[in-house]
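Okay, final.pdb is below, PDB, C-alpha atoms, pLDDT in the B column:
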```pdb
ATOM      1  CA  MET A   1      30.658  95.238 -57.716  1.00 64.00           C
ATOM      2  CA  ASN A   2      27.327  93.416 -57.541  1.00 70.00           C
ATOM      3  CA  GLN A   3      29.032  90.293 -56.205  1.00 74.00           C
ATOM      4  CA  LEU A   4      30.776  92.293 -53.483  1.00 65.00           C
ATOM      5  CA  THR A   5      27.492  93.953 -52.540  1.00 60.00           C
ATOM      6  CA  GLU A   6      25.808  90.558 -52.301  1.00 62.00           C
ATOM      7  CA  LEU A   7      28.635  89.170 -50.168  1.00 66.00           C
ATOM      8  CA  PHE A   8      28.644  92.069 -47.721  1.00 67.00           C
ATOM      9  CA  GLY A   9      24.854  92.228 -47.691  1.00 60.00           C
ATOM     10  CA  MET A  10      24.677  88.593 -46.644  1.00 60.00           C
ATOM     11  CA  ALA A  11      27.149  89.201 -43.830  1.00 62.00           C
ATOM     12  CA  SER A  12      24.931  91.998 -42.559  1.00 73.00           C
ATOM     13  CA  ILE A  13      21.839  89.805 -42.755  1.00 78.00           C
ATOM     14  CA  GLN A  14      23.654  87.067 -40.825  1.00 80.00           C
ATOM     15  CA  ALA A  15      24.872  89.577 -38.212  1.00 81.00           C
ATOM     16  CA  ARG A  16      21.338  90.978 -37.822  1.00 84.00           C
ATOM     17  CA  PHE A  17      19.999  87.446 -37.404  1.00 88.00           C
ATOM     18  CA  GLU A  18      22.577  86.697 -34.692  1.00 87.00           C
ATOM     19  CA  ALA A  19      21.889  89.989 -32.882  1.00 86.00           C
ATOM     20  CA  THR A  20      18.107  89.460 -32.870  1.00 89.00           C
ATOM     21  CA  LYS A  21      18.592  85.891 -31.691  1.00 92.00           C
ATOM     22  CA  TYR A  22      20.436  87.196 -28.613  1.00 91.00           C
ATOM     23  CA  PHE A  23      17.665  89.473 -27.375  1.00 88.00           C
ATOM     24  CA  ILE A  24      14.864  87.078 -28.241  1.00 91.00           C
ATOM     25  CA  ASN A  25      16.504  84.270 -26.255  1.00 93.00           C
ATOM     26  CA  ALA A  26      17.777  86.468 -23.390  1.00 92.00           C
ATOM     27  CA  ARG A  27      16.536  85.573 -19.928  1.00 94.00           C
ATOM     28  CA  SER A  28      17.363  87.253 -16.660  1.00 93.00           C
ATOM     29  CA  GLU A  29      18.808  85.007 -13.991  1.00 91.00           C
ATOM     30  CA  SER A  30      17.547  85.017 -10.411  1.00 86.00           C
ATOM     31  CA  HIS A  31      20.877  86.250  -9.019  1.00 88.00           C
ATOM     32  CA  GLN A  32      21.317  88.942 -11.694  1.00 90.00           C
ATOM     33  CA  ASN A  33      20.710  92.608 -10.936  1.00 92.00           C
ATOM     34  CA  VAL A  34      17.813  93.931 -13.061  1.00 93.00           C
ATOM     35  CA  ARG A  35      19.836  96.993 -14.104  1.00 92.00           C
ATOM     36  CA  ASP A  36      22.645  94.805 -15.462  1.00 93.00           C
ATOM     37  CA  HIS A  37      20.118  92.701 -17.357  1.00 94.00           C
ATOM     38  CA  LEU A  38      18.509  95.804 -18.879  1.00 93.00           C
ATOM     39  CA  LEU A  39      21.883  97.154 -19.989  1.00 92.00           C
ATOM     40  CA  GLN A  40      22.644  93.812 -21.638  1.00 92.00           C
ATOM     41  CA  MET A  41      19.286  93.859 -23.428  1.00 93.00           C
ATOM     42  CA  ILE A  42      19.917  97.411 -24.662  1.00 92.00           C
ATOM     43  CA  SER A  43      23.299  96.359 -26.045  1.00 91.00           C
ATOM     44  CA  TYR A  44      21.532  93.559 -27.948  1.00 91.00           C
ATOM     45  CA  PHE A  45      18.986  96.030 -29.348  1.00 92.00           C
ATOM     46  CA  GLN A  46      21.757  98.420 -30.384  1.00 91.00           C
ATOM     47  CA  GLU A  47      23.701  95.653 -32.103  1.00 88.00           C
ATOM     48  CA  ALA A  48      20.614  94.609 -34.064  1.00 88.00           C
ATOM     49  CA  GLU A  49      19.904  98.226 -35.044  1.00 89.00           C
ATOM     50  CA  ASN A  50      23.519  98.631 -36.168  1.00 85.00           C
ATOM     51  CA  HIS A  51      22.849  95.819 -38.624  1.00 81.00           C
ATOM     52  CA  GLY A  52      19.624  97.300 -39.963  1.00 83.00           C
ATOM     53  CA  ALA A  53      16.934  95.927 -37.648  1.00 86.00           C
ATOM     54  CA  VAL A  54      14.124  98.377 -36.912  1.00 89.00           C
ATOM     55  CA  MET A  55      12.259  98.065 -33.631  1.00 88.00           C
ATOM     56  CA  ASP A  56      10.003 100.526 -31.833  1.00 91.00           C
ATOM     57  CA  GLN A  57      10.267 101.247 -28.113  1.00 89.00           C
ATOM     58  CA  THR A  58       7.054  99.384 -27.270  1.00 89.00           C
ATOM     59  CA  THR A  59       8.447  96.183 -28.765  1.00 90.00           C
ATOM     60  CA  GLN A  60      11.713  96.644 -26.893  1.00 92.00           C
ATOM     61  CA  VAL A  61       9.857  97.073 -23.590  1.00 92.00           C
ATOM     62  CA  SER A  62       7.782  93.951 -24.328  1.00 92.00           C
ATOM     63  CA  LEU A  63      10.918  91.926 -24.982  1.00 93.00           C
ATOM     64  CA  ILE A  64      12.517  93.236 -21.792  1.00 94.00           C
ATOM     65  CA  LEU A  65       9.465  92.407 -19.652  1.00 94.00           C
ATOM     66  CA  ASN A  66       9.265  88.954 -21.224  1.00 94.00           C
ATOM     67  CA  SER A  67      12.912  88.275 -20.368  1.00 95.00           C
ATOM     68  CA  LEU A  68      12.555  88.910 -16.617  1.00 95.00           C
ATOM     69  CA  THR A  69      12.430  86.223 -13.938  1.00 93.00           C
ATOM     70  CA  PRO A  70       9.082  85.030 -12.534  1.00 93.00           C
ATOM     71  CA  ALA A  71       9.725  87.229  -9.479  1.00 92.00           C
ATOM     72  CA  PHE A  72       8.797  90.214 -11.685  1.00 94.00           C
ATOM     73  CA  LEU A  73       5.434  88.732 -12.697  1.00 94.00           C
ATOM     74  CA  PRO A  74       3.398  91.166 -10.526  1.00 93.00           C
ATOM     75  CA  PHE A  75       5.198  94.120 -12.119  1.00 94.00           C
ATOM     76  CA  THR A  76       4.812  92.736 -15.639  1.00 93.00           C
ATOM     77  CA  SER A  77       1.140  91.875 -15.140  1.00 92.00           C
ATOM     78  CA  ASN A  78       0.426  95.347 -13.795  1.00 92.00           C
ATOM     79  CA  TYR A  79       2.265  96.935 -16.726  1.00 92.00           C
ATOM     80  CA  VAL A  80       0.230  94.988 -19.275  1.00 91.00           C
ATOM     81  CA  MET A  81      -3.161  95.168 -17.527  1.00 92.00           C
ATOM     82  CA  ASN A  82      -2.964  98.919 -16.978  1.00 91.00           C
ATOM     83  CA  LYS A  83      -1.565  99.567 -20.453  1.00 90.00           C
ATOM     84  CA  LEU A  84       1.313 101.563 -19.023  1.00 89.00           C
ATOM     85  CA  GLU A  85       3.720 103.278 -21.360  1.00 88.00           C
ATOM     86  CA  LEU A  86       6.994 104.194 -19.714  1.00 87.00           C
ATOM     87  CA  ASP A  87      10.078 105.540 -21.389  1.00 84.00           C
ATOM     88  CA  PHE A  88      13.237 103.528 -20.848  1.00 83.00           C
ATOM     89  CA  HIS A  89      14.500 105.552 -17.865  1.00 86.00           C
ATOM     90  CA  GLU A  90      11.149 105.307 -16.062  1.00 90.00           C
ATOM     91  CA  LEU A  91      11.065 101.570 -16.757  1.00 91.00           C
ATOM     92  CA  VAL A  92      14.570 101.112 -15.330  1.00 90.00           C
ATOM     93  CA  ASN A  93      13.713 103.132 -12.217  1.00 92.00           C
ATOM     94  CA  ASN A  94      10.429 101.280 -11.635  1.00 93.00           C
ATOM     95  CA  LEU A  95      12.033  97.867 -12.146  1.00 94.00           C
ATOM     96  CA  GLN A  96      14.859  98.733  -9.749  1.00 93.00           C
ATOM     97  CA  THR A  97      12.341  99.951  -7.163  1.00 93.00           C
ATOM     98  CA  PHE A  98      10.351  96.743  -7.568  1.00 93.00           C
ATOM     99  CA  GLU A  99      13.533  94.678  -7.285  1.00 93.00           C
ATOM    100  CA  ASN A 100      14.400  96.435  -4.013  1.00 92.00           C
ATOM    101  CA  LEU A 101      10.894  95.835  -2.665  1.00 90.00           C
ATOM    102  CA  ILE A 102      11.026  92.118  -3.371  1.00 87.00           C
ATOM    103  CA  GLY A 103      14.433  91.800  -1.779  1.00 85.00           C
ATOM    104  CA  GLY A 104      16.893  92.341  -4.623  1.00 79.00           C
ATOM    105  CA  PRO A 105      18.491  89.677  -6.771  1.00 79.00           C
ATOM    106  CA  GLN A 106      17.955  86.229  -5.280  1.00 62.00           C
ATOM    107  CA  LYS A 107      21.211  84.425  -4.571  1.00 56.00           C
ATOM    108  CA  GLY A 108      21.645  80.723  -5.065  1.00 46.00           C
ATOM    109  CA  GLY A 109      18.252  79.530  -6.239  1.00 43.00           C
ATOM    110  CA  SER A 110      15.364  80.022  -8.562  1.00 41.00           C
ATOM    111  CA  LYS A 111      12.814  80.312  -5.771  1.00 42.00           C
ATOM    112  CA  ALA A 112      10.633  83.382  -6.192  1.00 44.00           C
ATOM    113  CA  PRO A 113      10.982  85.970  -3.450  1.00 42.00           C
ATOM    114  CA  ASN A 114       8.382  85.858  -0.675  1.00 43.00           C
ATOM    115  CA  SER A 115       7.012  82.621  -2.178  1.00 42.00           C
ATOM    116  CA  GLY A 116       6.543  81.086   1.247  1.00 43.00           C
ATOM    117  CA  ASN A 117       5.758  84.319   3.040  1.00 45.00           C
ATOM    118  CA  ALA A 118       2.268  85.721   2.471  1.00 50.00           C
ATOM    119  CA  ASN A 119       2.919  88.664   4.791  1.00 54.00           C
ATOM    120  CA  GLY A 120       6.067  89.623   2.853  1.00 53.00           C
ATOM    121  CA  ALA A 121       4.200  89.487  -0.458  1.00 52.00           C
ATOM    122  CA  ALA A 122       1.337  91.563   0.934  1.00 57.00           C
ATOM    123  CA  LYS A 123       3.790  94.102   2.354  1.00 60.00           C
ATOM    124  CA  ALA A 124       5.596  94.422  -0.998  1.00 59.00           C
ATOM    125  CA  GLU A 125       2.261  94.824  -2.810  1.00 59.00           C
ATOM    126  CA  LEU A 126       1.191  97.560  -0.390  1.00 62.00           C
ATOM    127  CA  GLN A 127       4.471  99.405  -0.940  1.00 61.00           C
ATOM    128  CA  LEU A 128       4.008  99.133  -4.718  1.00 59.00           C
ATOM    129  CA  LEU A 129       0.522 100.597  -4.428  1.00 61.00           C
ATOM    130  CA  GLU A 130       1.882 103.495  -2.387  1.00 62.00           C
ATOM    131  CA  LEU A 131       4.570 104.166  -4.979  1.00 61.00           C
ATOM    132  CA  GLY A 132       2.040 104.046  -7.804  1.00 62.00           C
ATOM    133  CA  LEU A 133       3.628 100.972  -9.412  1.00 56.00           C
ATOM    134  CA  LEU A 134       0.447  98.938  -8.980  1.00 56.00           C
ATOM    135  CA  SER A 135      -3.110 100.015  -9.598  1.00 53.00           C
TER     136      SER A 135
END
```
Output the file's structure as structure tokens, nothing else.
Amino acid sequence: MNQLTELFGMASIQARFEATKYFINARSESHQNVRDHLLQMISYFQEAENHGAVMDQTTQVSLILNSLTPAFLPFTSNYVMNKLELDFHELVNNLQTFENLIGGPQKGGSKAPNSGNANGAAKAELQLLELGLLS
């Protein structure tokens, strides 16, 4: 019985390792919708938890913010600097709003949105301030 327990325990440890590796190495792509990326990240978290990993919501949010493209840097910086604490649904809504303001998923390249357009960046920042997403 002990040998069986050891064998199955090792499989669970290996599965937990694989599951945590997925969310730690996950990166959003410039053409990927932020909602789809968040759903993928949540599936990684769930898989890890199914294999015994324990992770609080703050850590999950940190991993999600770290996995976003550079286009989300203003949102991420604001989140960290203002010590915001959003539940998952608020985070999804705010990230989708931000994504819409910056022009949605970028197709075909890794260029950050509005990178050559100072007026577009200023306009997006003003809209974020109005929505309360920036302080």
What residues come out when you apply the PyMOL selection byres ((chain A and resi 82-93) around 10) to this file, written as number ranges by chain? A: 34-35, 38-39, 42, 57-58, 60-61, 64-65, 77-81, 94-99, 133-135
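Atom pair atom CA of Phe23 of chain A / atom CA of Met41 of chain A has a distance of 6.1 Å (rounded to one decimal).
Atom pair atom CA of Leu63 of chain A / atom CA of His31 of chain A: separated by 19.7 Å.
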| request: Could you please give me, as a list in words, the residues of protein, DNA or RNA lying at most 9 Å from (20.5, 94.3, -34.7) in the coordinate frame of the file, considering only C-alpha atoms? | output: Ala15, Arg16, Phe17, Glu18, Ala19, Thr20, Tyr44, Phe45, Gln46, Glu47, Ala48, Glu49, Asn50, His51, Gly52, Ala53 and Val54 of chain A
re atom CA of Ser28 of chain A and atom CA of Ser43 of chain A: distance 14.4 Å
Shortest contact to Ser67 of chain A, candidates A:Asn25, A:Asn2, A:Gln40, A:Ser12, atoms counted all atoms listed in the file, goes to A:Asn25
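In terms of minimum interatomic distance to Ser62 of chain A, A:Thr76 ranks closest within A:Gln32, A:Gly103, A:Thr76, A:Arg27, counting all atoms listed in the file.
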